[in-house]
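As provided, model_13.csv (CSV, C-alpha atoms and all ligand atoms) reads as follows.
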```csv
chain,number,residue,atom,x,y,z
A,560,MET,CA,-207.4,-116.7,71.4
A,561,ASN,CA,-210.3,-119.2,72.1
A,562,LEU,CA,-209.3,-121.2,75.2
A,563,ALA,CA,-211.0,-124.2,76.7
A,564,ILE,CA,-210.2,-124.8,80.3
A,565,ILE,CA,-211.2,-128.3,81.3
A,566,GLY,CA,-211.7,-128.5,85.0
A,567,THR,CA,-212.7,-125.7,87.4
A,568,GLY,CA,-210.5,-126.6,90.3
A,569,ASN,CA,-207.4,-124.8,91.6
A,570,VAL,CA,-205.5,-124.8,88.3
A,571,GLY,CA,-208.4,-124.3,85.9
A,572,ALA,CA,-209.8,-121.4,87.9
A,573,ALA,CA,-206.4,-119.7,88.3
A,574,LEU,CA,-205.4,-120.0,84.6
A,575,GLY,CA,-208.8,-119.4,83.1
A,576,GLY,CA,-209.4,-116.4,85.3
A,577,ARG,CA,-206.1,-114.8,84.4
A,578,TRP,CA,-206.4,-115.4,80.7
A,579,ALA,CA,-210.0,-114.1,80.6
A,580,ALA,CA,-208.8,-111.0,82.4
A,581,SER,CA,-206.2,-110.4,79.8
A,582,GLY,CA,-208.8,-110.6,77.0
A,583,HIS,CA,-208.9,-114.2,75.8
A,584,ARG,CA,-212.2,-115.8,75.2
A,585,VAL,CA,-212.3,-118.6,77.8
A,586,VAL,CA,-214.8,-121.4,78.0
A,587,PHE,CA,-214.7,-123.4,81.2
A,588,GLY,CA,-215.4,-127.0,80.4
A,589,THR,CA,-217.0,-128.5,83.4
A,590,ARG,CA,-219.1,-131.5,84.4
A,591,ASP,CA,-221.7,-129.0,85.7
A,592,PRO,CA,-221.9,-125.7,83.8
A,593,GLY,CA,-224.7,-124.5,86.1
A,594,SER,CA,-222.7,-125.1,89.4
A,595,GLU,CA,-222.1,-122.2,91.8
A,596,LYS,CA,-218.4,-122.6,91.1
A,597,ALA,CA,-218.8,-122.3,87.4
A,598,ARG,CA,-221.1,-119.4,87.7
A,599,GLY,CA,-218.7,-117.6,90.0
A,600,LEU,CA,-215.8,-118.0,87.6
A,601,VAL,CA,-217.9,-116.7,84.7
A,602,ASN,CA,-219.1,-113.7,86.8
A,603,GLU,CA,-215.5,-112.9,87.8
A,604,ALA,CA,-214.4,-112.9,84.2
A,605,ALA,CA,-216.7,-110.0,83.3
A,606,GLY,CA,-217.8,-111.0,79.8
A,607,ASN,CA,-214.8,-112.9,78.6
A,608,ALA,CA,-215.8,-116.4,79.9
A,609,ARG,CA,-218.7,-118.8,79.8
A,610,ALA,CA,-219.2,-122.3,81.1
A,611,ALA,CA,-220.1,-125.3,79.0
A,612,THR,CA,-219.7,-129.1,78.9
A,613,PRO,CA,-216.1,-130.2,78.3
A,614,ALA,CA,-217.0,-131.3,74.8
A,615,GLU,CA,-218.6,-128.0,73.9
A,616,ALA,CA,-215.7,-126.1,75.3
A,617,ALA,CA,-213.1,-128.1,73.4
A,618,ALA,CA,-215.1,-127.9,70.1
A,619,GLY,CA,-214.7,-124.1,69.8
A,620,ALA,CA,-211.2,-123.8,71.1
A,621,GLN,CA,-207.8,-123.5,69.5
A,622,VAL,CA,-206.1,-124.3,72.8
A,623,VAL,CA,-207.5,-126.9,75.2
A,624,VAL,CA,-206.1,-126.8,78.7
A,625,LEU,CA,-206.3,-130.0,80.8
A,626,ALA,CA,-206.6,-129.2,84.5
A,627,THR,CA,-208.2,-132.5,85.8
A,628,PRO,CA,-207.1,-135.0,88.4
A,629,TRP,CA,-204.8,-137.5,86.7
A,630,GLY,CA,-207.2,-140.4,87.4
A,631,ALA,CA,-210.0,-138.6,85.4
A,632,THR,CA,-207.8,-137.4,82.6
A,633,GLU,CA,-208.0,-140.3,80.1
A,634,ALA,CA,-211.8,-140.4,80.4
A,635,THR,CA,-212.0,-136.6,80.1
A,636,ILE,CA,-209.9,-136.6,76.9
A,637,GLY,CA,-212.2,-139.3,75.6
A,638,SER,CA,-215.2,-137.1,76.1
A,639,LEU,CA,-213.7,-134.1,74.3
A,640,GLY,CA,-214.4,-135.1,70.7
A,641,ASP,CA,-211.9,-134.6,67.8
A,642,LEU,CA,-208.8,-132.8,69.1
A,643,GLY,CA,-206.9,-133.2,65.8
A,644,GLY,CA,-204.7,-130.1,65.2
A,645,LYS,CA,-205.6,-128.4,68.5
A,646,ILE,CA,-203.0,-127.4,71.0
A,647,VAL,CA,-203.6,-129.4,74.2
A,648,VAL,CA,-201.9,-128.1,77.3
A,649,ASP,CA,-201.3,-130.8,79.8
A,650,CYS,CA,-201.1,-129.3,83.3
A,651,THR,CA,-201.8,-132.6,85.1
A,652,ASN,CA,-199.4,-134.6,87.2
A,653,PRO,CA,-199.8,-138.4,87.5
A,654,LEU,CA,-199.3,-138.3,91.3
A,655,SER,CA,-199.4,-141.2,93.6
A,656,ALA,CA,-202.0,-141.0,96.4
A,657,ASP,CA,-199.4,-139.9,98.9
A,658,LEU,CA,-198.1,-137.2,96.5
A,659,ALA,CA,-194.6,-138.6,97.0
A,660,GLY,CA,-194.1,-140.0,93.5
A,661,LEU,CA,-195.7,-140.8,90.1
A,662,VAL,CA,-197.9,-143.6,89.0
A,663,VAL,CA,-196.6,-143.8,85.5
A,664,ALA,CA,-193.5,-145.9,84.6
A,665,PRO,CA,-190.2,-144.1,84.4
A,666,ASP,CA,-190.0,-144.8,80.6
A,667,THR,CA,-193.1,-142.7,80.0
A,668,SER,CA,-194.9,-139.7,81.5
A,669,GLY,CA,-198.3,-138.2,81.9
A,670,GLY,CA,-197.5,-135.9,79.0
A,671,GLU,CA,-196.7,-138.7,76.7
A,672,GLU,CA,-199.8,-140.7,77.8
A,673,VAL,CA,-202.0,-137.6,77.2
A,674,ALA,CA,-200.5,-137.4,73.6
A,675,ARG,CA,-201.4,-141.0,73.1
A,676,TRP,CA,-205.0,-140.5,74.2
A,677,ALA,CA,-205.5,-137.1,72.5
A,678,THR,CA,-205.1,-138.4,68.9
A,679,GLY,CA,-203.7,-135.8,66.5
A,680,ALA,CA,-203.4,-133.1,69.1
A,681,ARG,CA,-200.3,-130.9,69.5
A,682,VAL,CA,-199.6,-131.6,73.2
A,683,VAL,CA,-197.6,-129.2,75.3
A,684,LYS,CA,-196.7,-130.0,78.9
A,685,ALA,CA,-196.8,-126.9,81.0
A,686,PHE,CA,-198.1,-125.3,84.2
A,687,ASN,CA,-197.5,-128.5,86.2
A,688,THR,CA,-194.3,-127.6,88.0
A,689,THR,CA,-195.6,-124.9,90.4
A,690,GLY,CA,-198.6,-124.3,92.7
A,691,SER,CA,-201.8,-122.8,91.4
A,692,GLY,CA,-201.2,-119.7,93.6
A,693,ASN,CA,-198.1,-119.0,91.5
A,694,MET,CA,-200.2,-119.2,88.4
A,695,SER,CA,-202.3,-116.4,89.9
A,696,ASP,CA,-199.2,-114.4,90.6
A,697,PRO,CA,-195.8,-115.6,89.4
A,698,ARG,CA,-193.9,-112.4,90.3
A,699,TYR,CA,-191.7,-112.2,93.4
A,700,GLY,CA,-190.7,-108.6,93.7
A,701,ALA,CA,-188.5,-107.8,90.7
A,702,GLU,CA,-188.1,-111.5,89.8
A,703,ARG,CA,-190.4,-113.8,88.1
A,704,LEU,CA,-190.8,-117.6,88.2
A,705,ALA,CA,-189.8,-119.8,85.3
A,706,MET,CA,-192.4,-121.9,83.5
A,707,LEU,CA,-190.8,-124.9,82.0
A,708,LEU,CA,-192.7,-126.4,79.1
A,709,CYS,CA,-192.0,-129.1,76.6
A,710,GLY,CA,-193.6,-130.6,73.4
A,711,ASP,CA,-192.9,-131.9,70.0
A,712,ASP,CA,-194.6,-129.1,68.0
A,713,ALA,CA,-192.6,-125.9,67.9
A,714,ALA,CA,-195.5,-123.6,66.9
A,715,ALA,CA,-197.7,-125.1,69.7
A,716,LYS,CA,-194.9,-124.6,72.2
A,717,ALA,CA,-194.4,-121.0,71.1
A,718,ALA,CA,-198.1,-120.3,71.6
A,719,VAL,CA,-198.1,-121.8,75.1
A,720,ALA,CA,-194.9,-119.9,75.9
A,721,GLY,CA,-196.8,-116.7,75.0
A,722,LEU,CA,-199.7,-117.6,77.2
A,723,ALA,CA,-197.2,-118.3,80.1
A,724,GLU,CA,-195.4,-115.0,79.5
A,725,GLU,CA,-198.8,-113.2,79.6
A,726,LEU,CA,-199.3,-114.5,83.1
A,727,GLY,CA,-195.9,-113.1,84.1
A,728,PHE,CA,-193.8,-116.3,83.9
A,729,GLU,CA,-190.5,-116.6,82.1
A,730,ALA,CA,-191.3,-119.3,79.6
A,731,ILE,CA,-188.5,-121.9,79.1
A,732,ASP,CA,-188.6,-124.5,76.3
A,733,ALA,CA,-187.3,-127.6,78.0
A,734,GLY,CA,-187.3,-129.7,74.8
A,735,PRO,CA,-189.4,-132.6,73.4
A,736,LEU,CA,-192.6,-133.9,75.0
A,737,SER,CA,-190.6,-136.8,76.6
A,738,ARG,CA,-189.1,-134.2,78.9
A,739,SER,CA,-192.4,-134.4,80.7
A,740,ARG,CA,-190.7,-137.2,82.6
A,741,GLN,CA,-188.4,-134.6,84.3
A,742,LEU,CA,-191.1,-131.9,84.6
A,743,GLU,CA,-193.4,-134.2,86.4
A,744,GLN,CA,-190.6,-135.2,88.8
A,745,LEU,CA,-190.0,-131.5,89.3
A,746,ALA,CA,-193.7,-131.2,90.4
A,747,VAL,CA,-193.1,-134.0,92.9
A,748,LEU,CA,-190.1,-132.0,94.2
A,749,TRP,CA,-192.2,-128.8,94.5
A,750,ILE,CA,-194.8,-130.7,96.4
A,751,ALA,CA,-192.2,-132.2,98.8
A,752,LEU,CA,-190.6,-128.8,99.4
A,753,ALA,CA,-194.0,-127.3,100.0
A,754,TYR,CA,-195.4,-129.9,102.3
A,755,GLN,CA,-192.7,-132.2,103.7
A,756,GLN,CA,-190.0,-129.5,104.0
A,757,GLY,CA,-192.5,-127.0,105.3
A,758,MET,CA,-191.8,-124.3,102.7
A,759,GLY,CA,-195.5,-123.5,102.2
A,760,LEU,CA,-196.9,-122.4,98.9
A,761,GLU,CA,-195.2,-119.1,98.3
A,762,PHE,CA,-192.1,-120.2,96.4
A,763,GLY,CA,-191.2,-121.4,93.0
A,764,PHE,CA,-188.4,-122.2,90.6
A,765,ALA,CA,-186.6,-119.6,88.6
A,766,LEU,CA,-183.6,-119.7,86.2
A,767,LEU,CA,-180.6,-117.5,86.6
A,768,ARG,CA,-178.1,-117.0,83.8
A,769,ARG,CA,-174.6,-115.6,83.5
A,770,PRO,CA,-173.4,-114.3,80.2
A,771,ALA,CA,-170.9,-116.8,78.6
A,772,ALA,CA,-167.3,-115.9,79.3
A,773,GLY,CA,-165.9,-113.6,76.5
A,774,SER,CA,-169.4,-112.5,75.3
B,1,LIG,N1,-203.2,-127.6,92.6
B,1,LIG,C1,-202.0,-127.2,92.1
B,1,LIG,O1,-201.4,-126.3,92.7
B,1,LIG,C2,-201.5,-127.9,90.9
B,1,LIG,C3,-200.3,-127.3,90.3
B,1,LIG,C4,-199.8,-127.9,89.1
B,1,LIG,C5,-200.5,-129.0,88.5
B,1,LIG,N2,-201.6,-129.5,89.2
B,1,LIG,C6,-202.2,-130.7,88.5
B,1,LIG,O2,-203.3,-130.1,87.8
B,1,LIG,C7,-204.4,-131.0,87.8
B,1,LIG,C8,-205.6,-130.2,88.5
B,1,LIG,O3,-205.3,-129.9,89.8
B,1,LIG,P1,-206.3,-129.0,90.7
B,1,LIG,O4,-205.6,-128.8,92.0
B,1,LIG,O5,-206.8,-127.9,89.9
B,1,LIG,O6,-207.4,-130.1,90.9
B,1,LIG,P2,-208.8,-129.9,91.5
B,1,LIG,O7,-208.9,-128.6,92.3
B,1,LIG,O8,-209.2,-131.2,92.2
B,1,LIG,O9,-209.7,-129.7,90.2
B,1,LIG,C9,-209.8,-130.6,89.2
B,1,LIG,C10,-211.1,-130.4,88.4
B,1,LIG,O10,-211.2,-131.4,87.4
B,1,LIG,C11,-212.5,-131.5,87.1
B,1,LIG,N3,-212.8,-133.0,87.1
B,1,LIG,C12,-213.1,-133.7,86.0
B,1,LIG,N4,-213.4,-135.0,86.3
B,1,LIG,C13,-213.2,-135.1,87.6
B,1,LIG,C14,-213.3,-136.2,88.5
B,1,LIG,N5,-213.6,-137.4,88.1
B,1,LIG,N6,-213.1,-135.9,89.8
B,1,LIG,C15,-212.7,-134.7,90.3
B,1,LIG,N7,-212.6,-133.6,89.4
B,1,LIG,C16,-212.9,-133.8,88.1
B,1,LIG,C17,-213.3,-130.8,88.2
B,1,LIG,O11,-213.9,-129.7,87.6
B,1,LIG,P3,-215.5,-129.7,87.2
B,1,LIG,O12,-216.2,-130.0,88.5
B,1,LIG,O13,-215.7,-128.3,86.8
B,1,LIG,O14,-215.7,-130.7,86.1
B,1,LIG,C18,-212.3,-130.4,89.2
B,1,LIG,O15,-212.6,-129.2,89.8
B,1,LIG,C19,-204.0,-132.2,88.6
B,1,LIG,O16,-203.6,-133.2,87.7
B,1,LIG,C20,-202.8,-131.7,89.4
B,1,LIG,O17,-201.9,-132.7,89.7
B,1,LIG,C21,-202.1,-129.0,90.3
```
Could you rewrite the structure in this file as structure tokens?
Amino acid sequence: MNLAIIGTGNVGAALGGRWAASGHRVVFGTRDPGSEKARGLVNEAAGNARAATPAEAAAGAQVVVLATPWGATEATIGSLGDLGGKIVVDCTNPLSADLAGLVVAPDTSGGEEVARWATGARVVKAFNTTGSGNMSDPRYGAERLAMLLCGDDAAAKAAVAGLAEELGFEAIDAGPLSRSRQLEQLAVLWIALAYQQGMGLEFGFALLRRPAAGS
């Protein structure tokens, strides 16, 4: 798959690096394609990645992954050109400055705002509910972390679920894009557990199931 990873920070580097390693063609869309960081990511990807401007990266991609700070996300989307029909994976969290809450109103979400800005794109909210370290390695012994995702386009969600499973997550369809409201609050909870509750970064959410009685 041709993947554009917009942003070369913690999330972009973790996701892009893993997908390049598994054979996808990754283009890191970055404000400075010649930066040491970008060159390092390209070198680590051993032939499966290159760096370009965000617009160049998005132009050639079937899947565009947004891994930008919330405050830069609307302008970044505006710089990407026509996203019509493309899968846009929104990893962002509209966090308040103290990381204790969200800056969007409760009757919307970052995911829904991204869909409004990315005209015609098939937006899937994913990779926002756990730390970037878990994106590098979602396996905990014999268990694996869940990756909750949501969106309004079934085929787009299935494609992103496949990308999550490739990383080692159990992909879980949480429903329509409006469920981003809950997924973004789950991110706030993960951050509170990590930092306020002192759990550190080596934990994540998983889902356990019991067979239904009588089955
Ligand atoms: N860190 C996590 O564990 C984690 C987990 C889940 C979700 N998230 C969410 O994912 C998004 C990215 O998080 P992150 O930790 O990867 O952030 P980060 O390390 O700060 O990286 C964000 C990247 O976005 C790009 N960018 C574009 N416009 C920017 C601007 N005006 N200012 C700063 N950077 C800009 C930069 O890449 P270039 O310099 O290459 O353009 C930058 O490296 C955020 O919305 C965050 O809430 C983070």
(Q) As a quick test: using all atoms listed in the file, which residues lie no more than 7 Å away from ligand LIG 1 (chain B)? Give them as a ChimeraX atom specification. (A) /A:565-571,588-591,597,626-629,631,635,650-654,686-692
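Of the listed residues A:Leu767, A:Ile646, A:Val747, A:Thr667, the one whose atoms come nearest to A:Ala705 is A:Leu767, with distances taken using all atoms listed in the file.
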Q: Compare A:Ala717, A:Asn693, A:Gly643, A:Ile636 by their minimum atom-to-atom distance to A:Trp749, counting only C-alpha atoms, and give me the closest one.
A: A:Asn693
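The residue that comes closest to A:Gly582, out of A:Leu745, A:Met758, A:Leu726, A:Ala680 and on the basis of all atoms listed in the file, is A:Leu726.
With atom CA of A:Val601 on one side and atom CA of A:Ser695 on the other, the separation reads 16.4 Å.
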Q. To one decimal place, how far is atom CA of A:Cys709 from atom CA of A:Arg681 in Å?
A. 11.1 Å
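Here atom CA of A:Arg598 is placed at a distance of 22.9 Å from atom CA of A:Gln621.
Nearest-residue note for A:Ile750: choosing from A:Leu661, A:Ser668, A:Gly721, A:Leu707, the minimum distance belongs to A:Leu661, counting all atoms listed in the file.
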